[in-house]
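K.L.:
Next comes the structure file coords_21.pdb, holding PDB, C-alpha atoms.
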ATOM      1  CA  GLN W   1    -205.976 -48.703 -32.372
ATOM      2  CA  GLN W   2    -205.879 -50.546 -35.705
ATOM      3  CA  ASP W   3    -204.088 -47.634 -37.407
ATOM      4  CA  ARG W   4    -201.463 -47.615 -34.667
ATOM      5  CA  MET W   5    -200.804 -51.328 -35.056
ATOM      6  CA  ILE W   6    -200.482 -51.044 -38.848
ATOM      7  CA  GLN W   7    -197.916 -48.266 -38.386
ATOM      8  CA  PHE W   8    -196.115 -50.276 -35.727
ATOM      9  CA  ALA W   9    -195.376 -53.263 -37.948
ATOM     10  CA  SER W  10    -192.890 -51.357 -40.104
ATOM     11  CA  HIS W  11    -191.114 -49.969 -37.058
ATOM     12  CA  MET W  12    -190.712 -53.440 -35.572
ATOM     13  CA  ASP W  13    -189.235 -54.556 -38.884
ATOM     14  CA  ILE W  14    -186.531 -51.943 -38.395
ATOM     15  CA  ALA W  15    -185.955 -53.138 -34.836
ATOM     16  CA  LEU W  16    -185.590 -56.696 -36.121
ATOM     17  CA  ASP W  17    -183.045 -55.496 -38.688
ATOM     18  CA  GLU W  18    -181.047 -53.887 -35.884
ATOM     19  CA  ALA W  19    -181.251 -57.151 -33.930
ATOM     20  CA  ARG W  20    -179.895 -59.093 -36.917
ATOM     21  CA  LEU W  21    -176.990 -56.662 -37.216
ATOM     22  CA  ALA W  22    -176.304 -57.078 -33.502
ATOM     23  CA  ALA W  23    -176.158 -60.856 -33.941
ATOM     24  CA  LYS W  24    -173.604 -60.450 -36.750
ATOM     25  CA  ARG W  25    -171.462 -58.447 -34.330
ATOM     26  CA  GLY W  26    -171.600 -61.295 -31.825
ATOM     27  CA  GLU W  27    -174.085 -59.458 -29.605
ATOM     28  CA  VAL W  28    -177.347 -60.781 -28.181
ATOM     29  CA  PRO W  29    -179.799 -59.929 -31.009
ATOM     30  CA  VAL W  30    -181.939 -57.136 -29.610
ATOM     31  CA  GLY W  31    -182.900 -54.075 -31.633
ATOM     32  CA  ALA W  32    -184.731 -50.878 -30.724
ATOM     33  CA  VAL W  33    -186.313 -47.975 -32.610
ATOM     34  CA  ILE W  34    -187.611 -44.628 -31.357
ATOM     35  CA  VAL W  35    -190.253 -42.750 -33.315
ATOM     36  CA  SER W  36    -191.363 -39.137 -32.936
ATOM     37  CA  GLU W  37    -194.432 -37.878 -34.779
ATOM     38  CA  GLY W  38    -194.328 -40.854 -37.119
ATOM     39  CA  GLN W  39    -190.634 -40.458 -38.008
ATOM     40  CA  VAL W  40    -187.813 -42.755 -36.926
ATOM     41  CA  ILE W  41    -185.310 -40.576 -35.057
ATOM     42  CA  ALA W  42    -183.073 -43.275 -33.570
ATOM     43  CA  GLN W  43    -182.366 -46.972 -33.969
ATOM     44  CA  ALA W  44    -179.805 -49.228 -32.370
ATOM     45  CA  GLY W  45    -178.846 -52.784 -31.561
ATOM     46  CA  ASN W  46    -177.005 -54.203 -28.574
ATOM     47  CA  ARG W  47    -173.319 -53.206 -28.351
ATOM     48  CA  THR W  48    -172.317 -54.336 -24.856
ATOM     49  CA  ARG W  49    -169.467 -56.566 -26.058
ATOM     50  CA  GLU W  50    -168.171 -54.156 -28.669
ATOM     51  CA  LEU W  51    -168.139 -51.152 -26.322
ATOM     52  CA  HIS W  52    -167.193 -53.115 -23.191
ATOM     53  CA  ASP W  53    -170.199 -51.433 -21.586
ATOM     54  CA  PRO W  54    -172.881 -53.383 -19.669
ATOM     55  CA  THR W  55    -175.331 -50.493 -20.143
ATOM     56  CA  ALA W  56    -175.066 -50.468 -23.957
ATOM     57  CA  HIS W  57    -178.408 -52.220 -24.477
ATOM     58  CA  ALA W  58    -180.327 -51.403 -27.648
ATOM     59  CA  GLU W  59    -182.907 -49.346 -25.749
ATOM     60  CA  MET W  60    -180.270 -47.324 -23.893
ATOM     61  CA  LEU W  61    -178.349 -46.515 -27.078
ATOM     62  CA  ALA W  62    -181.528 -45.555 -28.916
ATOM     63  CA  ILE W  63    -182.662 -43.317 -26.049
ATOM     64  CA  ARG W  64    -179.285 -41.563 -25.915
ATOM     65  CA  ALA W  65    -179.263 -41.053 -29.680
ATOM     66  CA  ALA W  66    -182.851 -39.754 -29.739
ATOM     67  CA  CYS W  67    -182.069 -37.240 -26.992
ATOM     68  CA  VAL W  68    -179.164 -35.936 -29.101
ATOM     69  CA  VAL W  69    -181.430 -35.600 -32.145
ATOM     70  CA  LEU W  70    -184.119 -33.704 -30.215
ATOM     71  CA  GLY W  71    -181.658 -31.749 -28.103
ATOM     72  CA  GLN W  72    -183.350 -32.591 -24.820
ATOM     73  CA  GLU W  73    -183.290 -35.169 -22.057
ATOM     74  CA  ARG W  74    -186.953 -36.170 -22.318
ATOM     75  CA  LEU W  75    -188.686 -37.946 -25.175
ATOM     76  CA  THR W  76    -192.235 -36.895 -24.421
ATOM     77  CA  GLY W  77    -194.695 -38.243 -26.991
ATOM     78  CA  CYS W  78    -192.193 -40.681 -28.502
ATOM     79  CA  ASP W  79    -192.735 -44.399 -29.072
ATOM     80  CA  LEU W  80    -190.106 -47.068 -28.432
ATOM     81  CA  TYR W  81    -190.157 -50.390 -30.287
ATOM     82  CA  VAL W  82    -187.874 -53.179 -29.072
ATOM     83  CA  THR W  83    -187.619 -56.844 -29.969
ATOM     84  CA  LEU W  84    -187.252 -58.076 -26.365
ATOM     85  CA  GLU W  85    -188.946 -57.090 -23.123
ATOM     86  CA  PRO W  86    -186.769 -54.383 -21.518
ATOM     87  CA  CYS W  87    -184.705 -55.260 -18.475
ATOM     88  CA  PRO W  88    -185.158 -53.257 -15.232
ATOM     89  CA  MET W  89    -182.365 -50.825 -16.199
ATOM     90  CA  CYS W  90    -183.922 -50.064 -19.585
ATOM     91  CA  ALA W  91    -187.447 -49.886 -18.136
ATOM     92  CA  ALA W  92    -186.243 -47.265 -15.636
ATOM     93  CA  ALA W  93    -184.611 -45.277 -18.459
ATOM     94  CA  ILE W  94    -187.833 -45.475 -20.496
ATOM     95  CA  SER W  95    -189.725 -44.012 -17.559
ATOM     96  CA  SER W  96    -187.112 -41.307 -16.924
ATOM     97  CA  ALA W  97    -187.173 -40.324 -20.603
ATOM     98  CA  ARG W  98    -190.973 -39.972 -20.425
ATOM     99  CA  ILE W  99    -191.481 -42.210 -23.451
ATOM    100  CA  ALA W 100    -195.204 -42.359 -24.234
ATOM    101  CA  ARG W 101    -195.598 -45.883 -25.591
ATOM    102  CA  LEU W 102    -193.525 -49.053 -25.362
ATOM    103  CA  TYR W 103    -193.964 -51.890 -27.849
ATOM    104  CA  TYR W 104    -191.955 -55.092 -27.424
ATOM    105  CA  GLY W 105    -191.838 -58.489 -29.071
ATOM    106  CA  ALA W 106    -190.552 -61.440 -27.046
ATOM    107  CA  SER W 107    -191.067 -61.708 -23.302
ATOM    108  CA  ASP W 108    -188.024 -62.235 -21.085
ATOM    109  CA  PRO W 109    -188.814 -64.395 -18.045
ATOM    110  CA  LYS W 110    -185.136 -64.446 -17.015
ATOM    111  CA  SER W 111    -184.174 -60.769 -17.170
ATOM    112  CA  GLY W 112    -187.280 -58.770 -18.076
ATOM    113  CA  GLY W 113    -188.337 -55.806 -15.976
ATOM    114  CA  VAL W 114    -191.770 -54.921 -17.350
ATOM    115  CA  ALA W 115    -194.095 -57.926 -17.089
ATOM    116  CA  GLN W 116    -191.483 -60.062 -15.300
ATOM    117  CA  GLY W 117    -189.197 -59.687 -12.327
ATOM    118  CA  ALA W 118    -188.951 -56.141 -11.007
ATOM    119  CA  LYS W 119    -192.047 -54.927 -12.901
ATOM    120  CA  VAL W 120    -190.607 -51.425 -12.796
ATOM    121  CA  PHE W 121    -193.707 -49.618 -14.016
ATOM    122  CA  THR W 122    -195.798 -50.917 -11.097
ATOM    123  CA  HIS W 123    -193.624 -49.324  -8.385
ATOM    124  CA  PRO W 124    -194.798 -46.165  -6.626
ATOM    125  CA  GLN W 125    -191.312 -44.700  -7.205
ATOM    126  CA  CYS W 126    -191.902 -44.923 -10.961
ATOM    127  CA  HIS W 127    -193.027 -41.389 -11.792
ATOM    128  CA  HIS W 128    -194.014 -42.026 -15.403
ATOM    129  CA  VAL W 129    -195.695 -45.144 -16.783
ATOM    130  CA  PRO W 130    -195.821 -45.564 -20.571
ATOM    131  CA  GLU W 131    -198.522 -47.412 -22.431
ATOM    132  CA  VAL W 132    -197.238 -50.960 -22.913
ATOM    133  CA  TYR W 133    -198.019 -53.294 -25.832
ATOM    134  CA  ASP W 134    -196.387 -56.706 -25.745
ATOM    135  CA  GLY W 135    -196.207 -59.682 -28.108
ATOM    136  CA  ILE W 136    -195.664 -57.624 -31.273
ATOM    137  CA  SER W 137    -193.972 -59.785 -33.932
ATOM    138  CA  GLU W 138    -193.346 -62.111 -31.018
ATOM    139  CA  GLU W 139    -192.632 -65.216 -33.078
ATOM    140  CA  ALA W 140    -189.968 -63.550 -35.219
ATOM    141  CA  CYS W 141    -188.316 -61.947 -32.189
ATOM    142  CA  THR W 142    -188.343 -65.191 -30.205
ATOM    143  CA  GLU W 143    -187.006 -67.315 -33.044
ATOM    144  CA  MET W 144    -184.118 -64.939 -33.608
ATOM    145  CA  LEU W 145    -183.100 -65.195 -29.955
ATOM    146  CA  LYS W 146    -183.491 -68.975 -29.922
ATOM    147  CA  GLY W 147    -181.370 -69.344 -33.039
ATOM    148  CA  PHE W 148    -178.668 -67.141 -31.593
ATOM    149  CA  PHE W 149    -178.408 -69.008 -28.321
ATOM    150  CA  ALA W 150    -178.511 -72.333 -30.163
ATOM    151  CA  GLY W 151    -175.064 -71.586 -31.535
ATOM    152  CA  LEU W 152    -175.206 -68.762 -34.080
ATOM    153  CA  ARG W 153    -172.532 -66.767 -32.263
ATOM    154  CA  LYS W 154    -169.259 -67.224 -34.125
ATOM    155  CA  PRO W 155    -165.845 -65.637 -33.676
ATOM    156  CA  LEU W 156    -164.773 -62.970 -36.133
ATOM    157  CA  SER W 157    -162.665 -64.813 -38.724
ATOM    158  CA  TRP W 158    -160.833 -61.753 -40.004
ATOM    159  CA  SER W 159    -159.315 -60.642 -36.704
ATOM    160  CA  THR W 160    -156.271 -62.936 -36.721
ATOM    161  CA  ASN W 161    -155.229 -61.704 -40.189
ATOM    162  CA  LEU W 162    -155.849 -58.006 -39.560
ATOM    163  CA  GLN W 163    -153.202 -55.413 -40.356
ATOM    164  CA  ILE W 164    -153.563 -51.651 -39.885
ATOM    165  CA  ARG W 165    -151.110 -49.645 -41.982
ATOM    166  CA  LYS W 166    -150.621 -46.352 -43.787
ATOM    167  CA  ALA W 167    -152.376 -46.183 -47.147
ATOM    168  CA  LYS W 168    -150.435 -46.307 -50.415
ATOM    169  CA  PRO W 169    -151.448 -44.662 -53.723
ATOM    170  CA  GLU W 170    -152.331 -48.056 -55.204
ATOM    171  CA  ASP W 171    -154.910 -48.542 -52.400
ATOM    172  CA  ALA W 172    -157.127 -45.688 -53.645
ATOM    173  CA  THR W 173    -159.609 -47.765 -55.651
ATOM    174  CA  ALA W 174    -160.060 -50.351 -52.894
ATOM    175  CA  ILE W 175    -160.471 -47.640 -50.228
ATOM    176  CA  ALA W 176    -163.109 -45.858 -52.307
ATOM    177  CA  ALA W 177    -165.028 -49.111 -52.767
ATOM    178  CA  CYS W 178    -164.838 -49.810 -49.026
ATOM    179  CA  PHE W 179    -166.155 -46.312 -48.230
ATOM    180  CA  ASP W 180    -169.046 -46.773 -50.680
ATOM    181  CA  ARG W 181    -169.998 -50.141 -49.151
ATOM    182  CA  ALA W 182    -169.844 -48.746 -45.633
ATOM    183  CA  TYR W 183    -172.104 -45.775 -46.365
ATOM    184  CA  SER W 184    -174.555 -47.669 -48.583
ATOM    185  CA  VAL W 185    -176.541 -48.702 -45.495
ATOM    186  CA  TYR W 186    -177.527 -45.053 -44.997
ATOM    187  CA  ALA W 187    -178.609 -44.360 -48.577
ATOM    188  CA  THR W 188    -182.277 -45.220 -47.993
ATOM    189  CA  ARG W 189    -182.736 -42.800 -45.091
ATOM    190  CA  ILE W 190    -180.340 -39.932 -45.877
ATOM    191  CA  ASN W 191    -181.050 -38.140 -49.140
ATOM    192  CA  ASP W 192    -178.263 -35.557 -48.780
ATOM    193  CA  LEU W 193    -175.409 -37.949 -48.058
ATOM    194  CA  PRO W 194    -172.206 -36.612 -49.670
ATOM    195  CA  GLU W 195    -170.077 -38.614 -52.102
ATOM    196  CA  VAL W 196    -167.772 -40.130 -49.500
ATOM    197  CA  SER W 197    -165.368 -41.835 -51.908
ATOM    198  CA  ILE W 198    -164.476 -38.814 -54.029
ATOM    199  CA  GLY W 199    -160.922 -37.508 -53.664
ATOM    200  CA  VAL W 200    -159.364 -40.579 -52.048
ATOM    201  CA  GLU W 201    -156.230 -40.214 -54.200
ATOM    202  CA  ASP W 202    -155.746 -36.643 -52.950
ATOM    203  CA  ASP W 203    -156.367 -37.743 -49.373
ATOM    204  CA  ILE W 204    -153.601 -40.326 -49.599
ATOM    205  CA  ALA W 205    -151.245 -37.764 -51.117
ATOM    206  CA  ASN W 206    -151.999 -34.896 -48.747
ATOM    207  CA  ASN W 207    -153.302 -36.331 -45.470
ATOM    208  CA  ALA W 208    -152.752 -39.083 -42.945
ATOM    209  CA  VAL W 209    -154.682 -42.109 -44.207
ATOM    210  CA  TRP W 210    -154.757 -45.544 -42.620
ATOM    211  CA  VAL W 211    -156.338 -48.718 -43.904
ATOM    212  CA  ALA W 212    -157.315 -51.946 -42.179
ATOM    213  CA  GLU W 213    -156.447 -54.938 -44.307
ATOM    214  CA  ASP W 214    -157.657 -58.497 -43.806
ATOM    215  CA  GLY W 215    -155.795 -61.080 -45.867
ATOM    216  CA  GLY W 216    -155.047 -58.522 -48.564
ATOM    217  CA  VAL W 217    -158.596 -57.091 -48.610
ATOM    218  CA  ILE W 218    -159.198 -53.542 -47.345
ATOM    219  CA  VAL W 219    -162.060 -53.613 -44.820
ATOM    220  CA  GLY W 220    -161.704 -50.157 -43.293
ATOM    221  CA  GLY W 221    -160.138 -46.767 -43.732
ATOM    222  CA  LEU W 222    -159.594 -43.469 -41.923
ATOM    223  CA  VAL W 223    -158.639 -40.015 -43.217
ATOM    224  CA  LEU W 224    -157.057 -37.571 -40.765
ATOM    225  CA  VAL W 225    -156.485 -33.948 -41.817
ATOM    226  CA  LEU W 226    -153.803 -32.188 -39.773
ATOM    227  CA  HIS W 227    -154.068 -28.500 -38.826
ATOM    228  CA  PRO W 228    -151.702 -26.321 -36.770
ATOM    229  CA  ALA W 229    -153.790 -26.547 -33.586
ATOM    230  CA  HIS W 230    -155.986 -29.622 -34.069
ATOM    231  CA  ALA W 231    -156.762 -32.545 -36.359
ATOM    232  CA  THR W 232    -159.956 -33.353 -38.230
ATOM    233  CA  LEU W 233    -161.197 -36.897 -38.660
ATOM    234  CA  ALA W 234    -162.438 -36.290 -42.196
ATOM    235  CA  ASN W 235    -163.682 -39.812 -42.894
ATOM    236  CA  ILE W 236    -163.813 -43.209 -41.279
ATOM    237  CA  ALA W 237    -165.561 -46.222 -42.748
ATOM    238  CA  ILE W 238    -165.774 -49.901 -41.907
ATOM    239  CA  ASP W 239    -166.894 -52.505 -44.417
ATOM    240  CA  PRO W 240    -170.246 -54.021 -43.331
ATOM    241  CA  SER W 241    -168.541 -57.425 -43.158
ATOM    242  CA  ALA W 242    -166.425 -56.125 -40.235
ATOM    243  CA  SER W 243    -169.070 -53.944 -38.593
ATOM    244  CA  GLY W 244    -169.118 -54.047 -34.813
ATOM    245  CA  SER W 245    -165.730 -55.720 -34.521
ATOM    246  CA  GLY W 246    -163.966 -52.836 -32.800
ATOM    247  CA  LEU W 247    -162.079 -52.012 -35.979
ATOM    248  CA  GLY W 248    -163.286 -48.393 -35.966
ATOM    249  CA  LYS W 249    -161.850 -47.878 -32.495
ATOM    250  CA  ALA W 250    -158.552 -49.424 -33.580
ATOM    251  CA  LEU W 251    -158.283 -46.978 -36.492
ATOM    252  CA  ILE W 252    -159.195 -44.018 -34.269
ATOM    253  CA  ASP W 253    -156.495 -45.120 -31.816
ATOM    254  CA  ARG W 254    -153.942 -44.785 -34.634
ATOM    255  CA  ALA W 255    -155.212 -41.289 -35.390
ATOM    256  CA  GLU W 256    -154.937 -40.325 -31.722
ATOM    257  CA  ASP W 257    -151.364 -41.604 -31.617
ATOM    258  CA  ALA W 258    -150.532 -39.422 -34.614
ATOM    259  CA  CYS W 259    -151.940 -36.400 -32.780
ATOM    260  CA  ARG W 260    -149.870 -37.190 -29.689
ATOM    261  CA  LYS W 261    -146.690 -37.321 -31.725
ATOM    262  CA  LEU W 262    -147.495 -33.886 -33.173
ATOM    263  CA  LYS W 263    -148.712 -32.569 -29.780
ATOM    264  CA  LEU W 264    -152.128 -31.689 -31.208
ATOM    265  CA  PRO W 265    -154.581 -31.297 -28.304
ATOM    266  CA  CYS W 266    -157.784 -32.502 -29.942
ATOM    267  CA  ILE W 267    -159.482 -34.223 -32.870
ATOM    268  CA  ARG W 268    -162.699 -32.911 -34.389
ATOM    269  CA  LEU W 269    -165.256 -34.509 -36.664
ATOM    270  CA  SER W 270    -168.720 -33.978 -38.052
ATOM    271  CA  THR W 271    -171.346 -36.649 -38.591
ATOM    272  CA  HIS W 272    -174.815 -36.479 -40.085
ATOM    273  CA  ILE W 273    -177.714 -35.662 -37.787
ATOM    274  CA  LYS W 274    -179.556 -38.653 -39.253
ATOM    275  CA  MET W 275    -176.828 -40.993 -37.996
ATOM    276  CA  PRO W 276    -177.661 -40.826 -34.266
ATOM    277  CA  GLU W 277    -176.237 -44.302 -33.698
ATOM    278  CA  ASN W 278    -172.847 -42.930 -34.782
ATOM    279  CA  VAL W 279    -173.151 -40.026 -32.341
ATOM    280  CA  SER W 280    -173.886 -42.497 -29.565
ATOM    281  CA  LEU W 281    -170.929 -44.678 -30.544
ATOM    282  CA  TYR W 282    -168.524 -41.723 -30.628
ATOM    283  CA  GLU W 283    -169.746 -40.587 -27.218
ATOM    284  CA  HIS W 284    -168.904 -44.018 -25.830
ATOM    285  CA  LEU W 285    -165.401 -43.573 -27.232
ATOM    286  CA  GLY W 286    -164.929 -40.289 -25.381
ATOM    287  CA  TRP W 287    -166.145 -37.732 -27.914
ATOM    288  CA  ARG W 288    -168.522 -34.906 -26.996
ATOM    289  CA  VAL W 289    -171.014 -32.949 -29.085
ATOM    290  CA  THR W 290    -169.870 -29.334 -29.407
ATOM    291  CA  SER W 291    -172.600 -27.924 -31.661
ATOM    292  CA  LEU W 292    -175.142 -28.572 -34.396
ATOM    293  CA  LYS W 293    -174.705 -26.918 -37.793
ATOM    294  CA  GLY W 294    -177.386 -27.601 -40.386
ATOM    295  CA  ASN W 295    -177.480 -31.354 -40.893
ATOM    296  CA  LYS W 296    -174.140 -31.850 -39.113
ATOM    297  CA  VAL W 297    -173.380 -32.862 -35.542
ATOM    298  CA  LEU W 298    -169.963 -31.427 -34.637
ATOM    299  CA  MET W 299    -167.935 -33.423 -32.113
ATOM    300  CA  GLU W 300    -164.539 -33.202 -30.458
ATOM    301  CA  LYS W 301    -162.232 -35.385 -28.392
ATOM    302  CA  GLY W 302    -159.295 -34.184 -26.319
ATOM    303  CA  ILE W 303    -156.016 -36.061 -26.726
ATOM    304  CA  PHE W 304    -154.348 -37.374 -23.596
ATOM    305  CA  MET W 305    -150.675 -36.494 -23.947
ATOM    306  CA  GLY W 306    -149.430 -39.616 -22.256
ATOM    307  CA  GLU W 307    -147.132 -42.270 -23.638
ATOM    308  CA  THR W 308    -147.715 -43.065 -27.300
ATOM    309  CA  LYS W 309    -148.869 -46.609 -27.937
ATOM    310  CA  LYS W 310    -146.290 -48.918 -29.459
TER     311      LYS W 310
END
Could I get this file's structure written as structure tokens?
P.N.:
Amino acid sequence: QQDRMIQFASHMDIALDEARLAAKRGEVPVGAVIVSEGQVIAQAGNRTRELHDPTAHAEMLAIRAACVVLGQERLTGCDLYVTLEPCPMCAAAISSARIARLYYGASDPKSGGVAQGAKVFTHPQCHHVPEVYDGISEEACTEMLKGFFAGLRKPLSWSTNLQIRKAKPEDATAIAACFDRAYSVYATRINDLPEVSIGVEDDIANNAVWVAEDGGVIVGGLVLVLHPAHATLANIAIDPSASGSGLGKALIDRAEDACRKLKLPCIRLSTHIKMPENVSLYEHLGWRVTSLKGNKVLMEKGIFMGETKK
């Protein structure tokens, strides 16, 4: 028991980090982590506002991402760590996924579904009941929520000055720096991450490249490689300062418009298998996983050949 609790503390720290990132995106600060055999396989924070999806709770996103990583619909033997008591929807998903152990921080008298309200795990229709440990890092989890609801939510200041445009050769250095900042968050957990900023000058010269600019500062970029029968989203990166703002979707929309104009039926991309949160995000935007190849998750999205956006 003591060994389990010592191990747990570090995992809750990760969940708290995800909650902080959610708060910066204007989301309710809840973070979740899923662990299999001592290894973190998925982590996520709330994205309901960003994705316009009431089911995009941290637990739901983490469960979806973990299932992609393991290639199965059940997470038997896995542990889930979350900063707030799961709601009834998330508790039902935890049971359906056959998660072995649930650890949560703050209780939720208003919307909780484990110790409060519906008490999902006590129902005879609940076919799997995980071990439940509550009150883990409770003070830190509770204080974060209190601070958020006391007025920490702020509007995104960059949005009114945002411009999305085609990249110019003189943008290369700023784009490379933006790409490096965006991918730096993965450096500690992905040891085979490629050099994402190499070749930006060639990309601008040879491919379709868009940048998002806020008051003269580049805060995002996308590289689209065009082929005779499809397009490849070769790179997309959002500066951490604009993370969760919907900027990635706006850039992808531009890429889709380019494909419509050229009558290309689909866009393809590959993301790293250790970025399950990205897989989950792309799936919410209409992409589907087509295959796994080494450390890559290959995905594709069909292009609706309707009217091109103005």
K.L.:
Quick one: everything within 9 Å of stretch 248-260 of chain W, counting all atoms listed in the file, minus sequence neighbours fewer than 4 positions away in the same chain. Send it as a ChimeraX atom specification.
P.N.:
/W:164,208-212,220-224,226,230-231,233,236-238,243-244,264-267,285,303-309
K.L.:
Evaluate the PyMOL selection byres ((chain W and resi 100-110) around 6) here and jot the selected residues down as a list in words.
P.N.:
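That expression, the PyMOL selection byres ((chain W and resi 100-110) around 6), corresponds here to Gly77, Cys78, Asp79, Leu80, Tyr81, Val82, Thr83, Leu84, Glu85, Ile99, Ser111, Gly112, Gln116, Pro130, Glu131, Val132, Tyr133, Asp134, Gly135, Ile136, Ser137, Glu138, Cys141 and Thr142 of chain W.
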K.L.:
Considering all atoms listed in the file, return as a list of chain:residue names whatever protein or nucleic-acid residues lie within 8 Å of W:Glu277, sequence-local ones (same chain, fewer than 6 positions apart) excluded.
P.N.:
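Surrounding residues, per the criterion: W:Ala42, W:Gln43, W:Ala44, W:Leu61, W:Ala62, W:Ala65.
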K.L.:
Within 9 Å of W:Met89, counting only C-alpha atoms, which residues show up once you throw out same-chain ones fewer than 5 positions away? Write them as a ChimeraX atom specification, please.
P.N.:
/W:55,60,94,113,120
K.L.:
Taking the file above as input, evaluate the PyMOL selection byres ((chain W and resi 98) around 7) and report the hits as a list in words.
P.N.:
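This file gives the following for the PyMOL selection byres ((chain W and resi 98) around 7): Arg74, Leu75, Thr76, Ile94, Ser95, Ser96, Ala97, Ile99, Ala100 and His128 of chain W.
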